Amino acid sequence: MKLPKLPNPAAQADKPYDVGFAKPPARTQFKPGQSGNPKGRPRGSKNRRPALNEERLKDIVLDEAYRNITVRDGDRNVSIPMAQAVVRAMAVNAAKGQHRAQRLFAEMLSSTERQNKQLADDWLSTAIEYKVEWERELHRRQALGITNLPPPLPHPDQVKINMNTGLAHIEGPATKEQVAQVELWRGRQQDFQEELCDIEDMLKRARKPERIAQLQEEKLQVEKVLEIIDQLLGRIDWVRQG
């Protein structure tokens, strides 16, 4: 088998060059060792200005504030967010008597507590208004014999207000989703209780030791599941405190 002959470069050089698609003129082609972008990347193309709808600086600040760093805590190293490390260093310097750190830390603490107090007051006011208005509405429905309207969620009886502490919270499910979740777990609780009754009935009729051992093991497992569900339903107390 004969191999095909390769074209002679000298002969190719003498042939005319057809300019067209994917065949740029020879004078505009890249030369070996020559960059296609001799001036480099335009200045500012990487660090371009953000669009009007972007807030890149905020993103950068937040990324840095919550980036974990390693700091020394006594005789061990711990990993904490940068913001926490800064506040901790400020508090340590304040404790050492640095007046500027003391002033900054006191101002920051006062501002934080003031904001928390405002949120607590707003929540207490909202809870009181909600409870009063819905109790008035439910009383109106009762007086007029209106029974075809759905009850409010949360019910005003679920809104607990402690005037001594100034705190308010909601006991029990406060939304349709939470009610559905409670009903789901109560349904499962009922299913497992029925299964437990069936196992106990089978235990009464069982005679073979291996069958009795198997049923006792199943009974323990179902009882553990029921205990977990009982604890879960007991903890379903969506509390929102100020």
# chains A, B, ... in the order shown; residues from 1 in each chain; ligands from 1

call {"tool": "select_by_dssp", "arguments": {"residues": "range 89-162 of chain A", "states": "strand (DSSP E)", "output": "list in words"}}
result
Val159, Lys160, Ile161 and Asn162 of chain A

call {"tool": "write_last_selection", "arguments": {"atoms": "N, CA and C atoms", "output": "PDB file, in the first residue's frame"}}
result
ATOM      1  N   VAL A 159     -52.928  33.680  72.318  1.00  0.00           N
ATOM      2  CA  VAL A 159     -52.026  34.812  72.538  1.00  0.00           C
ATOM      3  C   VAL A 159     -51.922  35.065  74.034  1.00  0.00           C
ATOM      4  N   LYS A 160     -50.777  34.769  74.603  1.00  0.00           N
ATOM      5  CA  LYS A 160     -50.551  34.908  76.033  1.00  0.00           C
ATOM      6  C   LYS A 160     -49.709  36.156  76.292  1.00  0.00           C
ATOM      7  N   ILE A 161     -50.214  37.000  77.182  1.00  0.00           N
ATOM      8  CA  ILE A 161     -49.541  38.265  77.491  1.00  0.00           C
ATOM      9  C   ILE A 161     -49.250  38.314  78.976  1.00  0.00           C
ATOM     10  N   ASN A 162     -48.000  38.580  79.299  1.00  0.00           N
ATOM     11  CA  ASN A 162     -47.574  38.721  80.692  1.00  0.00           C
ATOM     12  C   ASN A 162     -47.246  40.197  80.927  1.00  0.00           C
TER      13      ASN A 162
END

call {"tool": "select_by_dssp", "arguments": {"residues": "range 85-176 of chain A", "states": "helix (DSSP H, G or I)", "output": "PyMOL selection string"}}
result
chain A and resi 85-95+99-144+156-158+176

call {"tool": "residues_around", "arguments": {"residues": "range 173-188 of chain A", "least_positions_apart": "3", "cutoff": "6 Å", "atoms": "only C-alpha atoms", "output": "list in words"}}
result
Leu153, Pro154 and Asp191 of chain A

call {"tool": "write_last_selection", "arguments": {"atoms": "C-alpha atoms", "output": "CSV table (one decimal), in the first residue's frame"}}
result
chain,number,residue,atom,x,y,z
A,153,LEU,CA,-55.3,31.7,63.4
A,154,PRO,CA,-53.9,32.1,65.9
A,191,ASP,CA,-51.8,4.8,63.7

call {"tool": "atom_distance", "arguments": {"atom1": "CA of Ile128 in chain A", "atom2": "CA of Asn148 in chain A"}}
result
25.9 Å

call {"tool": "atom_distance", "arguments": {"atom1": "CA of Leu138 in chain A", "atom2": "CA of Pro152 in chain A"}}
result
9.1 Å

call {"tool": "atom_distance", "arguments": {"atom1": "CA of Phe105 in chain A", "atom2": "CA of Ile80 in chain A"}}
result
19.0 Å

call {"tool": "closest_residue", "arguments": {"among": "A:Gln216, A:Asn164, A:Asn93, A:Gln231", "to": "Lys204 in chain A", "atoms": "only C-alpha atoms"}}
result
A:Gln216

call {"tool": "residues_around", "arguments": {"residues": "Asp157 in chain A", "least_positions_apart": "3", "cutoff": "10 Å", "atoms": "only C-alpha atoms", "output": "PyMOL selection string"}}
result
chain A and resi 131+134-135+154+160+170-171

call {"tool": "residues_around", "arguments": {"residues": "Glu200 in chain A", "least_positions_apart": "5", "cutoff": "12 Å", "atoms": "only C-alpha atoms", "output": "JSON, numbers by chain"}}
result
{"A": [193, 194, 195, 205, 206, 212, 214, 215, 216, 217, 218, 219, 220, 222, 223]}

call {"tool": "closest_atom_pairs", "arguments": {"of": "range 75-174 of chain A", "to": "range 60-66 of chain A", "cutoff": "7 Å", "atoms": "only C-alpha atoms", "output": "Markdown table"}}
result
| residue | atom | partner | partner_atom | distance |
| --- | --- | --- | --- | --- |
| A:Pro81 | CA | A:Tyr66 | CA | 4.7 |
| A:Met82 | CA | A:Ala65 | CA | 5.1 |
| A:Ala83 | CA | A:Ala65 | CA | 4.8 |

call {"tool": "write_last_selection", "arguments": {"atoms": "C-alpha atoms", "output": "compact mmCIF listing (two decimals), in the first residue's frame"}}
result
# COMPACT_ATOMS: atom_id res chain seq x y z
CA PRO A 81 -16.87 34.84 62.35
CA MET A 82 -14.77 37.93 61.72
CA ALA A 83 -17.49 40.19 63.19
